[in-house]
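*Asks:* Provided herewith: start-v4.txt, compact mmCIF, C-alpha atoms.
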# COMPACT_ATOMS: atom_id res chain seq x y z
CA MET A 1 108.38 138.87 73.07
CA THR A 2 105.31 136.82 73.61
CA LEU A 3 103.15 139.85 74.43
CA PRO A 4 103.53 141.86 71.20
CA ALA A 5 101.53 144.90 72.33
CA LEU A 6 103.09 145.13 75.81
CA SER A 7 104.58 148.53 76.62
CA ASP A 8 105.39 148.36 80.31
CA TYR A 9 105.23 146.44 83.59
CA PHE A 10 104.01 148.31 86.64
CA ILE A 11 104.24 147.57 90.35
CA PRO A 12 101.97 150.17 92.00
CA GLU A 13 102.33 150.78 95.73
CA GLN A 14 99.00 152.57 96.22
CA GLN A 15 95.50 151.51 95.24
CA SER A 16 94.95 154.97 93.68
CA GLU A 17 97.94 154.36 91.44
CA LEU A 18 96.48 151.02 90.35
CA ILE A 19 93.12 152.61 89.55
CA GLU A 20 94.85 155.27 87.43
CA LEU A 21 96.68 152.56 85.49
CA LEU A 22 93.47 150.59 84.99
CA GLN A 23 91.73 153.73 83.72
CA ARG A 24 94.63 154.53 81.42
CA PHE A 25 94.94 151.09 79.82
CA GLY A 26 91.32 149.94 80.16
CA GLU A 27 90.68 146.48 78.72
CA ASN A 28 94.32 146.23 77.70
CA ALA A 29 95.62 146.17 81.27
CA MET A 30 96.27 142.78 82.85
CA ILE A 31 96.63 142.46 86.58
CA VAL A 32 99.26 139.98 87.76
CA ALA A 33 99.04 138.49 91.23
CA GLY A 34 100.57 134.98 91.29
CA GLY A 35 100.95 135.04 87.53
CA THR A 36 99.93 131.44 86.94
CA PHE A 37 96.75 132.25 85.04
CA VAL A 38 98.32 135.08 83.07
CA ARG A 39 101.28 132.98 81.98
CA GLY A 40 98.93 130.15 81.07
CA LEU A 41 96.99 132.45 78.76
CA GLU A 42 100.14 134.06 77.41
CA ALA A 43 101.63 130.69 76.52
CA ARG A 44 98.50 130.01 74.46
CA GLY A 45 98.80 133.30 72.61
CA LEU A 46 95.60 134.73 74.11
CA LEU A 47 97.04 138.01 75.40
CA ALA A 48 98.06 139.67 72.15
CA GLU A 49 96.23 142.90 73.05
CA VAL A 50 97.72 143.39 76.51
CA GLU A 51 99.63 146.68 76.79
CA ALA A 52 100.33 146.79 80.51
CA LEU A 53 101.09 144.12 83.08
CA ILE A 54 100.37 145.34 86.61
CA ASP A 55 101.81 143.41 89.54
CA ILE A 56 99.62 144.04 92.60
CA GLY A 57 101.98 142.32 95.05
CA ALA A 58 103.12 145.60 96.62
CA LEU A 59 99.62 146.81 97.57
CA GLY A 60 99.50 144.90 100.85
CA LEU A 61 96.27 143.13 99.92
CA ASN A 62 97.39 139.85 101.49
CA GLY A 63 96.34 138.49 104.85
CA ILE A 64 93.53 136.63 106.55
CA ALA A 65 91.33 138.25 109.20
CA ALA A 66 88.59 136.43 111.07
CA ASP A 67 85.95 138.08 113.26
CA SER A 68 82.54 137.16 114.65
CA SER A 69 80.76 137.70 111.34
CA GLY A 70 83.12 135.84 109.05
CA VAL A 71 86.53 135.58 107.47
CA SER A 72 88.15 138.04 105.10
CA LEU A 73 90.78 136.72 102.70
CA GLY A 74 92.94 139.43 101.17
CA ALA A 75 93.12 139.29 97.39
CA THR A 76 96.82 138.44 97.24
CA THR A 77 96.68 135.85 100.03
CA THR A 78 98.37 132.82 98.51
CA LEU A 79 96.64 129.47 98.31
CA ALA A 80 99.46 128.09 100.50
CA GLU A 81 98.66 130.69 103.19
CA LEU A 82 94.98 129.79 102.96
CA LYS A 83 95.81 126.09 103.26
CA ARG A 84 97.73 126.76 106.49
CA ALA A 85 95.11 129.12 107.95
CA ASP A 86 93.78 128.21 111.37
CA PHE A 87 90.14 128.82 110.49
CA ILE A 88 89.87 125.98 107.97
CA GLN A 89 91.69 123.32 109.96
CA GLY A 90 89.07 121.79 112.22
CA ASP A 91 85.86 123.40 110.95
CA ALA A 92 83.64 121.10 108.89
CA ALA A 93 81.97 124.13 107.29
CA PHE A 94 85.23 124.97 105.49
CA GLY A 95 86.00 121.35 104.62
CA ALA A 96 85.37 121.98 100.92
CA VAL A 97 88.12 124.63 100.83
CA LYS A 98 90.51 122.25 102.51
CA ASP A 99 89.63 119.52 100.00
CA ALA A 100 90.15 121.84 97.01
CA LEU A 101 93.52 123.02 98.33
CA ALA A 102 94.76 119.42 98.31
CA CYS A 103 94.59 119.48 94.49
CA PRO A 104 97.14 122.02 93.17
CA PRO A 105 100.85 121.23 93.21
CA VAL A 106 102.94 123.10 95.77
CA GLN A 107 104.42 125.35 93.07
CA ILE A 108 100.94 126.68 92.31
CA LEU A 109 99.88 126.91 95.97
CA ASN A 110 102.97 129.01 96.73
CA VAL A 111 102.14 131.78 94.25
CA GLY A 112 98.48 131.41 93.22
CA THR A 113 96.19 133.83 95.04
CA VAL A 114 92.61 133.96 96.30
CA GLY A 115 91.83 137.04 94.20
CA GLY A 116 93.61 135.68 91.17
CA CYS A 117 91.70 132.42 91.04
CA LEU A 118 88.42 134.37 91.25
CA ALA A 119 89.36 137.05 88.71
CA ALA A 120 90.45 134.35 86.26
CA SER A 121 86.74 133.44 86.08
CA ALA A 122 87.34 129.98 84.68
CA PRO A 123 84.94 127.30 85.94
CA LEU A 124 87.74 124.79 85.42
CA TYR A 125 89.35 126.02 88.67
CA ASP A 126 88.76 124.25 91.97
CA VAL A 127 88.93 126.75 94.83
CA PRO A 128 86.31 129.21 93.47
CA ALA A 129 83.72 126.42 93.34
CA THR A 130 84.10 126.02 97.10
CA LEU A 131 83.97 129.77 97.74
CA LEU A 132 80.71 129.87 95.77
CA ALA A 133 79.29 127.00 97.82
CA LEU A 134 80.22 128.90 101.00
CA ASP A 135 78.34 132.04 99.87
CA GLY A 136 81.50 134.11 99.35
CA THR A 137 81.37 137.78 98.44
CA ALA A 138 84.05 139.60 96.44
CA HIS A 139 85.03 143.01 97.80
CA VAL A 140 86.13 145.19 94.92
CA THR A 141 87.39 148.72 94.45
CA GLY A 142 87.62 151.01 91.44
CA ALA A 143 87.32 154.59 90.27
CA GLY A 144 83.70 154.63 91.45
CA GLY A 145 84.58 153.47 94.96
CA ALA A 146 84.27 150.17 96.78
CA ARG A 147 81.44 147.68 96.35
CA GLU A 148 80.60 144.07 97.09
CA ILE A 149 79.63 141.42 94.55
CA VAL A 150 78.24 138.09 95.72
CA LEU A 151 80.00 135.32 93.85
CA THR A 152 76.73 134.02 92.41
CA GLU A 153 76.64 137.30 90.45
CA PHE A 154 80.39 137.65 89.93
CA PHE A 155 81.03 135.09 87.19
CA THR A 156 79.39 136.15 83.92
CA GLY A 157 81.15 134.00 81.31
CA LEU A 158 84.33 132.16 80.45
CA PHE A 159 87.16 134.51 81.56
CA GLU A 160 84.48 137.17 82.16
CA ASN A 161 83.15 138.64 85.37
CA ALA A 162 81.21 141.56 86.80
CA LEU A 163 84.32 143.70 87.38
CA GLN A 164 84.47 146.99 85.48
CA PRO A 165 87.76 147.64 83.63
CA ASP A 166 88.88 150.02 86.41
CA GLU A 167 87.96 147.65 89.25
CA PHE A 168 89.98 145.02 91.07
CA ILE A 169 89.33 142.54 93.87
CA THR A 170 90.59 143.61 97.29
CA ALA A 171 89.28 140.67 99.35
CA LEU A 172 86.98 137.70 99.47
CA ARG A 173 84.62 137.50 102.42
CA LEU A 174 83.14 134.25 103.74
CA PRO A 175 80.28 134.47 106.25
CA VAL A 176 80.11 132.50 109.49
CA HIS A 177 77.99 129.44 108.96
CA ALA A 178 75.40 128.01 111.36
CA ALA A 179 76.39 125.25 113.77
CA GLY A 180 76.01 121.87 112.10
CA THR A 181 77.27 123.15 108.73
CA THR A 182 79.57 120.98 106.69
CA SER A 183 81.05 121.03 103.20
CA ALA A 184 83.19 118.96 100.87
CA PHE A 185 84.79 119.15 97.45
CA LEU A 186 85.75 116.48 94.93
CA LYS A 187 87.52 116.75 91.61
CA LEU A 188 87.65 114.38 88.66
CA GLU A 189 90.87 114.93 86.73
CA THR A 190 93.04 113.08 84.26
CA ASN A 191 96.25 113.53 86.24
CA ALA A 192 97.59 115.37 89.26
CA ASN A 193 98.27 118.64 87.49
CA ASP A 194 95.27 119.02 85.19
CA LEU A 195 92.13 121.09 85.05
CA ALA A 196 88.93 119.48 86.27
CA ILE A 197 86.88 117.23 83.99
CA ILE A 198 84.19 118.05 86.50
CA ASN A 199 84.41 119.22 90.10
CA VAL A 200 81.76 119.39 92.80
CA ALA A 201 81.51 121.55 95.92
CA VAL A 202 78.68 120.84 98.35
CA ARG A 203 77.56 122.34 101.61
CA PHE A 204 74.59 121.79 103.91
CA THR A 205 73.56 122.37 107.50
CA LEU A 206 71.99 119.77 109.74
CA ASP A 207 69.20 121.43 111.72
CA GLU A 208 68.07 120.46 115.24
CA ALA A 209 65.77 117.79 113.80
CA GLY A 210 68.75 116.29 111.94
CA LEU A 211 67.48 117.36 108.49
CA CYS A 212 69.50 118.98 105.69
CA ARG A 213 69.05 122.74 105.27
CA ASP A 214 70.65 125.50 103.21
CA ALA A 215 72.08 123.10 100.65
CA ARG A 216 74.57 124.38 98.09
CA ILE A 217 75.68 122.18 95.23
CA VAL A 218 78.12 123.78 92.77
CA ILE A 219 79.38 121.97 89.69
CA GLY A 220 82.48 123.16 87.82
CA GLY A 221 84.90 121.82 85.25
CA GLY A 222 83.64 121.31 81.72
CA VAL A 223 80.12 122.44 82.43
CA GLY A 224 80.05 125.47 80.18
CA GLU A 225 81.13 129.06 80.62
CA CYS A 226 80.43 129.41 84.35
CA TYR A 227 80.07 127.29 87.46
CA VAL A 228 76.56 125.90 87.81
CA ARG A 229 74.51 126.06 91.00
CA ALA A 230 72.52 122.84 90.84
CA GLY A 231 69.29 124.37 92.11
CA GLY A 232 67.14 121.34 91.47
CA ALA A 233 69.52 119.13 93.41
CA GLU A 234 69.66 121.64 96.28
CA LEU A 235 65.86 121.63 96.52
CA GLU A 236 65.88 117.85 96.47
CA LEU A 237 68.31 117.73 99.40
CA ASN A 238 66.72 120.38 101.62
CA GLY A 239 64.42 118.94 104.26
CA THR A 240 65.67 115.39 103.88
CA LYS A 241 67.37 113.17 106.43
CA PRO A 242 70.99 112.83 105.28
CA GLY A 243 72.01 109.39 104.09
CA ASP A 244 72.46 107.21 101.06
CA ASP A 245 68.89 107.56 99.79
CA SER A 246 68.60 111.32 100.04
CA PHE A 247 72.11 111.84 98.68
CA GLN A 248 71.38 109.56 95.73
CA ALA A 249 68.16 111.43 94.97
CA ALA A 250 69.80 114.86 95.19
CA ALA A 251 72.78 113.74 93.11
CA ALA A 252 70.49 112.30 90.43
CA ALA A 253 68.84 115.71 90.11
CA VAL A 254 72.23 117.23 89.17
CA ALA A 255 71.97 115.54 85.75
CA ALA A 256 69.09 117.85 84.81
CA ASP A 257 70.77 120.95 86.30
CA ILE A 258 73.89 120.92 84.12
CA ASP A 259 74.64 121.10 80.42
CA PRO A 260 78.22 119.83 80.12
CA VAL A 261 80.53 120.22 77.15
CA THR A 262 82.33 117.57 75.12
CA ASP A 263 86.07 118.03 74.69
CA HIS A 264 89.32 116.06 74.82
CA ARG A 265 88.93 115.56 78.59
CA GLY A 266 85.53 113.93 78.39
CA SER A 267 82.19 113.75 76.64
CA GLU A 268 79.00 115.47 77.72
CA GLU A 269 77.54 112.10 78.66
CA TYR A 270 80.56 111.13 80.75
CA ARG A 271 80.60 114.47 82.55
CA ARG A 272 76.90 114.32 83.32
CA TYR A 273 77.22 110.80 84.67
CA MET A 274 80.31 111.57 86.76
CA ALA A 275 78.80 114.81 88.10
CA VAL A 276 76.04 112.68 89.62
CA VAL A 277 78.51 110.17 91.05
CA TYR A 278 80.81 112.87 92.45
CA THR A 279 77.92 114.83 93.96
CA ARG A 280 76.75 111.74 95.84
CA ARG A 281 80.28 111.06 97.07
CA ALA A 282 80.85 114.70 98.05
CA LEU A 283 77.62 114.76 100.08
CA ALA A 284 78.70 111.57 101.87
CA ARG A 285 82.12 113.08 102.51
CA ALA A 286 80.53 116.22 103.95
CA LEU A 287 78.29 114.17 106.25
CA GLU A 288 81.30 112.14 107.40
CA ARG A 289 82.93 115.40 108.52
CA LEU A 290 80.20 115.93 111.11
CA ARG A 291 80.84 112.54 112.71
CA MET B 1 111.12 148.84 75.97
CA LYS B 2 113.47 147.06 78.33
CA LYS B 3 113.28 147.42 82.08
CA LEU B 4 116.27 147.60 84.36
CA ILE B 5 115.89 145.15 87.21
CA ARG B 6 117.95 143.80 90.10
CA LEU B 7 117.81 140.14 90.98
CA ASN B 8 119.46 138.23 93.79
CA VAL B 9 120.20 134.71 92.59
CA ASN B 10 122.12 132.18 94.66
CA GLY B 11 123.32 135.01 96.89
CA ASP B 12 124.68 137.18 94.07
CA ASP B 13 123.17 140.50 92.95
CA HIS B 14 122.65 141.04 89.25
CA GLU B 15 121.52 144.13 87.36
CA LEU B 16 119.86 143.32 84.07
CA ALA B 17 117.84 144.93 81.30
CA VAL B 18 114.90 142.67 80.44
CA SER B 19 111.76 142.76 78.35
CA PRO B 20 108.79 143.40 80.66
CA ASP B 21 107.28 140.03 79.71
CA GLU B 22 110.50 138.08 80.27
CA THR B 23 110.08 135.23 82.74
CA LEU B 24 112.36 134.41 85.62
CA LEU B 25 113.23 131.19 83.79
CA GLY B 26 114.22 133.16 80.69
CA VAL B 27 116.58 135.38 82.70
CA LEU B 28 118.11 132.47 84.59
CA ARG B 29 118.81 130.40 81.49
CA GLY B 30 119.65 133.38 79.27
CA PRO B 31 121.76 136.24 80.61
CA LEU B 32 122.60 134.51 83.91
CA ASP B 33 123.59 131.24 82.19
CA LEU B 34 122.08 129.11 84.96
CA ILE B 35 120.82 126.19 82.91
CA GLY B 36 119.95 123.88 85.82
CA PRO B 37 116.30 124.99 85.72
CA LYS B 38 114.92 123.47 82.50
CA ARG B 39 112.39 124.77 80.01
CA GLY B 40 109.83 122.01 79.50
CA CYS B 41 106.18 122.87 78.93
CA ASP B 42 106.77 126.58 79.65
CA SER B 43 103.26 126.85 81.08
CA GLY B 44 103.30 125.46 84.61
CA GLY B 45 102.57 121.85 83.87
CA CYS B 46 105.81 119.89 84.10
CA GLY B 47 107.84 121.29 86.99
CA CYS B 48 111.32 121.05 85.49
CA CYS B 49 111.79 124.84 85.79
CA THR B 50 111.21 124.75 89.57
CA VAL B 51 113.40 127.07 91.66
CA GLN B 52 113.01 128.50 95.15
CA VAL B 53 111.84 132.05 95.68
CA ASP B 54 112.00 133.19 99.31
CA GLY B 55 112.32 129.54 100.31
CA LYS B 56 109.23 128.43 98.38
CA ALA B 57 109.21 126.20 95.31
CA VAL B 58 107.81 128.01 92.28
CA TYR B 59 107.58 127.41 88.55
CA SER B 60 110.11 129.92 87.21
CA CYS B 61 108.36 129.80 83.82
CA MET B 62 105.26 131.33 85.45
CA MET B 63 106.92 134.22 87.27
CA TYR B 64 107.77 137.43 85.49
CA ALA B 65 111.38 138.48 86.08
CA VAL B 66 110.26 142.00 87.02
CA SER B 67 108.18 140.56 89.85
CA ALA B 68 111.12 138.50 91.13
CA GLN B 69 113.01 141.62 92.19
CA GLY B 70 113.84 141.86 95.88
CA ARG B 71 113.30 138.14 96.37
CA ASP B 72 115.80 135.51 97.40
CA ILE B 73 116.09 133.23 94.35
CA ILE B 74 117.86 129.88 94.63
CA THR B 75 118.46 127.51 91.73
CA ILE B 76 119.89 124.00 91.73
CA GLU B 77 123.31 125.62 91.16
CA GLY B 78 123.01 127.37 94.51
CA ILE B 79 122.20 124.55 96.90
CA GLY B 80 125.62 122.92 97.25
CA ARG B 81 128.12 124.41 99.67
CA ASP B 82 131.87 124.88 99.15
CA GLY B 83 132.08 122.36 96.33
CA GLU B 84 130.06 119.76 98.25
CA LEU B 85 126.79 118.48 96.87
CA ASP B 86 123.60 119.14 98.78
CA PRO B 87 122.49 115.96 100.64
CA LEU B 88 119.51 115.71 98.28
CA GLN B 89 121.77 115.78 95.24
CA GLN B 90 123.95 113.07 96.78
CA ALA B 91 120.88 110.99 97.62
CA PHE B 92 119.67 111.17 94.00
CA ILE B 93 123.05 109.79 92.90
CA ASP B 94 123.11 107.09 95.58
CA ALA B 95 119.55 105.94 94.84
CA GLY B 96 120.08 105.94 91.07
CA ALA B 97 117.23 108.43 90.75
CA VAL B 98 118.60 110.24 87.70
CA GLN B 99 117.83 108.78 84.30
CA CYS B 100 117.76 111.37 81.52
CA GLY B 101 118.09 114.10 84.15
CA TYR B 102 115.73 116.66 82.63
CA CYS B 103 113.28 116.63 85.57
CA THR B 104 115.92 116.17 88.26
CA SER B 105 116.75 119.75 89.19
CA GLY B 106 113.07 120.68 89.49
CA ILE B 107 112.30 117.69 91.65
CA ILE B 108 115.28 118.35 93.92
CA MET B 109 114.15 121.97 94.36
CA VAL B 110 110.60 120.96 95.31
CA ALA B 111 111.96 118.19 97.58
CA LYS B 112 114.12 120.77 99.35
CA GLU B 113 111.01 122.70 100.38
CA LEU B 114 109.41 119.45 101.55
CA LEU B 115 112.41 118.52 103.72
CA ASN B 116 112.58 122.05 105.10
CA THR B 117 108.92 121.70 106.13
CA LEU B 118 108.80 118.08 107.31
CA ASP B 119 111.64 116.20 109.02
CA ASN B 120 110.50 112.74 108.14
CA PRO B 121 107.90 112.74 105.36
CA ASP B 122 106.12 109.47 104.60
CA GLU B 123 105.73 108.08 101.10
CA ASP B 124 102.34 109.75 100.58
CA GLU B 125 103.72 113.14 101.59
CA ILE B 126 106.69 112.72 99.26
CA ARG B 127 104.52 111.68 96.32
CA HIS B 128 102.12 114.54 96.98
CA ALA B 129 105.03 117.01 97.13
CA ILE B 130 106.32 116.01 93.70
CA ALA B 131 102.86 115.87 92.09
CA GLY B 132 103.64 119.05 90.15
CA ASN B 133 106.73 117.55 88.54
CA LEU B 134 106.71 115.13 85.62
CA CYS B 135 109.39 112.52 84.99
CA ARG B 136 109.02 111.19 81.45
CA CYS B 137 111.44 108.34 82.14
CA THR B 138 108.77 107.14 84.61
CA GLY B 139 111.36 106.77 87.30
CA TYR B 140 109.26 107.95 90.24
CA GLN B 141 110.04 105.03 92.56
CA LYS B 142 113.75 105.80 92.68
CA ILE B 143 113.02 109.49 93.04
CA VAL B 144 110.83 108.73 96.05
CA ASP B 145 113.59 106.45 97.39
CA ALA B 146 116.14 109.25 96.99
CA ILE B 147 114.02 111.75 98.90
CA LYS B 148 113.49 109.19 101.69
CA LEU B 149 117.24 108.59 101.76
CA ALA B 150 117.95 112.32 102.06
CA ALA B 151 115.32 112.67 104.79
CA ALA B 152 116.86 109.80 106.76
CA ALA B 153 120.35 111.28 106.39
CA SER B 154 119.38 114.74 107.62
Written as C-alpha cells, how would this file's structure read?

*Replies:*
Amino acid sequence: MTLPALSDYFIPEQQSELIELLQRFGENAMIVAGGTFVRGLEARGLLAEVEALIDIGALGLNGIAADSSGVSLGATTTLAELKRADFIQGDAAFGAVKDALACPPVQILNVGTVGGCLAASAPLYDVPATLLALDGTAHVTGAGGAREIVLTEFFTGLFENALQPDEFITALRLPVHAAGTTSAFLKLETNANDLAIINVAVRFTLDEAGLCRDARIVIGGGVGECYVRAGGAELELNGTKPGDDSFQAAAAAVAADIDPVTDHRGSEEYRRYMAVVYTRRALARALERLR
Amino acid sequence: MKKLIRLNVNGDDHELAVSPDETLLGVLRGPLDLIGPKRGCDSGGCGCCTVQVDGKAVYSCMMYAVSAQGRDIITIEGIGRDGELDPLQQAFIDAGAVQCGYCTSGIIMVAKELLNTLDNPDEDEIRHAIAGNLCRCTGYQKIVDAIKLAAAAS
C-alpha cells in the first residue's frame, strides 16, 4: 500500500453524505475527482496521513450552464468537456481558457476536473491562472452551508486554500465580460507534459475610445506559493492604447510584481525575464483575438 | 481492508478484492494478468499505461480501481477482433513503428481515441494527440507514419 494510513474508499451519492465523511475524517480525508493530482502526490509519498479517499464522481456535480449573467462550471466537469464547450469557442473573452486547455495531454483532459485543478491549489497549474484572470468565483458547500469565494481570495498557499476541512467545491462561476473583452494564456515549459516554468494569463477590455480597461495579468508557475496578480503591470496597461509600446511597458512592470523561485526548471532570473517576455506576447495574442 | 469491486474489462466482468488505494493499472497487470498496459513513471508522465475508459484514453496509473467500477475498460488486449489485429496494430507493424515496444500499447490506445474522433487527422493533430506519451527510443516519426497509415486505411 502506498497510502499507509488509508482505511477506506468512499463514493458518496449525496452531498450530505460527503459532508459527514469530511467531518468524520477532517484533514485526513482526501477528495478524489479526476485523481491526477492525488496520484501525483501519492507517488511522491506526500499523502501518508490520508485515512479516507472520497470519490465525488457520483454526486452529479458535472455540467456547464450558461445564462445571461455568466457561466457555471460544475466541479466535476472534465477539462475535455470544458474544451469542447460552446461558450469558449468563438468568444475572445474566454480565449485564455482555450489556450490553457491546449496544454495538457488528452489523458489528463479526459479525467482532470475544473474543481480538482482549483482545489489542488498549485500555482504550477495552467487552467486556474486563466480562471483567476477571468474573475472566477468558487461556489463551495460544507457543514455551515453554501458560500462563494472569489478566486483572488481562494488560494492561500502551496496546496492550501480557503476551504474549511468540511467544505468542497460545487462549481466555478465565470461572469459575463463586457463587449470588447479579450484574454490569452501562454506557458513556458520544458516539454509537452511538464509543469509550467512560468505561465501567464492576461485579460483586458477595449473601451469605446479604444483604450485598455479592466486589465488582469496573472503569473503562475515557479513564482512562489500562489499565483501572482501583477498589479503594477495591470495599472500600467489600464488607460493605454493597445500596441507594442504599451504592452512592452506593462510587461516590464511584471518584473517588479513577482518574486520567482529558483529550482531545477529555471532560475529566479530566468523566470523573471521570461515572465516579462511571455506577458508581452500574451497581451499581443489577446489583442490579435479582437481582430 | 480490502474492497470488493466489479470491473468490466475488454467485455468481461470480474469480481475482485482490492486495496482501496490500488490503481486500475495495478489490477490490470496483477490479478487480471493483462500486461499490455505498462508501468513506466507511475505518475501520469509517460503514457505507457494508457487504456480506454468509456471510450476515452486515460492513464491507468492515475485512476483508482474502485473508481473504475461500472465503466467500460478496454486495454490493448481488447482491441483486436476474432484473432485479427486492430488496423492500428497492423499499421504499427507495417510502418515499423515498434522498436523496444514499451510505449507502443499506450500510444495505440491514445491513437484509437484520436481516430474515433477525427477521420483524417493531419500531422499536427497526430503529434498533439500523442503528446502525453513518451517513446524513449525516439521513434516518433514512424509512430506518426503508422497512425497516418491507419487513418488512411479506415

*Asks:* Quote the spacing between CA of Cys100 in chain B and CA of Lys148 in chain B in Å to one decimal place.

*Replies:* 20.7 Å

*Asks:* Out of B:Leu115, B:Cys103, B:Leu7, B:Leu28, which residue has the shortest atom-to-atom distance to Thr138 in chain B when counting all atoms listed in the file?

*Replies:*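 Among the listed residues, B:Cys103 lies closest to Thr138 in chain B.
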
*Asks:* Can you check which residues of chain B have any atom within 8 Å of chain A? Use all atoms listed in the file and format it as a list in words.

*Replies:* Met1, Ser19, Pro20, Asp21, Glu22, Asp42, Ser43, Gly44, Gly45, Thr50, Lys56, Ala57, Val58, Tyr59, Cys61, Met62, Met63, Tyr64, Val66, Ser67, Val110, His128, Ala129, Ile130, Ala131 and Gly132 of chain B

*Asks:* Residues near Tyr140 in chain B, anyone? I mean within 12 Å using all atoms listed in the file, not counting same-chain ones fewer than 2 positions away, as a PyMOL selection string.

*Replies:* chain B and resi 92+95-99+103-104+107+123+126-128+130-131+133-138+142-147

*Asks:* Quick one, how far is CA of Val97 in chain A from CA of Val200 in chain A?

*Replies:*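 CA of Val97 in chain A sits 11.5 Å away from CA of Val200 in chain A.
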
*Asks:* For Phe159 in chain A, work out the shell of residues within 7 Å, counting all atoms listed in the file and skipping chain neighbours fewer than 4 positions away, then give it as a PyMOL selection string.

*Replies:* chain A and resi 120-122

*Asks:* Just the selected residues (C-alpha atoms), exported as a tab-separated table (two decimals), in the frame of the given file, please.

*Replies:*
chain	number	residue	atom	x	y	z
A	120	ALA	CA	90.45	134.35	86.26
A	121	SER	CA	86.74	133.44	86.08
A	122	ALA	CA	87.34	129.98	84.68

*Asks:* Between A:Tyr125, A:Tyr227, A:Phe204, A:Phe154, which is the closest to Ala92 in chain A once you count all atoms listed in the file?

*Replies:*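 Selected residue with least distance to Ala92 in chain A: A:Phe204.
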
*Asks:* As an exercise, work out the distance from CA of Leu134 in chain A to CA of Ile31 in chain A in Å and give it to one decimal place.

*Replies:*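 Spanning CA of Leu134 in chain A to CA of Ile31 in chain A is a straight-line distance of 25.7 Å.
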
*Asks:* Might you pull out every residue within 9 Å of Gln69 in chain B, with all atoms listed in the file counted and same-chain residues fewer than 5 positions away left off, and present them as a ChimeraX atom specification?

*Replies:* /B:5-8

*Asks:* Using only C-alpha atoms, which protein or nucleic acid residues come within 7 Å of Leu4 in chain B? Drop anything in the same chain fewer than 2 positions from it, and give the result as a VMD selection string.

*Replies:* chain B and resid 2 15 to 18

*Asks:* If you count all atoms listed in the file, which residues fall within 9 Å of Cys226 in chain A, apart from same-chain ones fewer than 5 positions away, as a list of chain:residue names?

*Replies:* A:Ser121, A:Ala122, A:Pro123, A:Leu124, A:Phe155, A:Thr156, A:Gly157, A:Leu158, A:Phe159, A:Gly220, A:Gly221

*Asks:* Measuring atom to atom with only C-alpha atoms, identify which of B:Ile108, B:Leu88, B:Cys41, B:Ile93 is nearest to Ala150 in chain B.

*Replies:*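 Of all the options, B:Leu88 lies closest to Ala150 in chain B.
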
*Asks:* Check the smallest atom-to-atom distance from each of B:Gly11, B:Gln89, B:Val53, B:Ala153 to Gly101 in chain B using only C-alpha atoms, then report the winner.

*Replies:*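 With only C-alpha atoms as the atom set, the closest residue is B:Gln89.
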
*Asks:* Which one is closest to Glu268 in chain A: A:Ile197, A:Leu235, A:Ala230, A:Ala249? Count only C-alpha atoms.

*Replies:*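 Nearest candidate to Glu268 in chain A out of A:Ile197, A:Leu235, A:Ala230, A:Ala249: A:Ile197.
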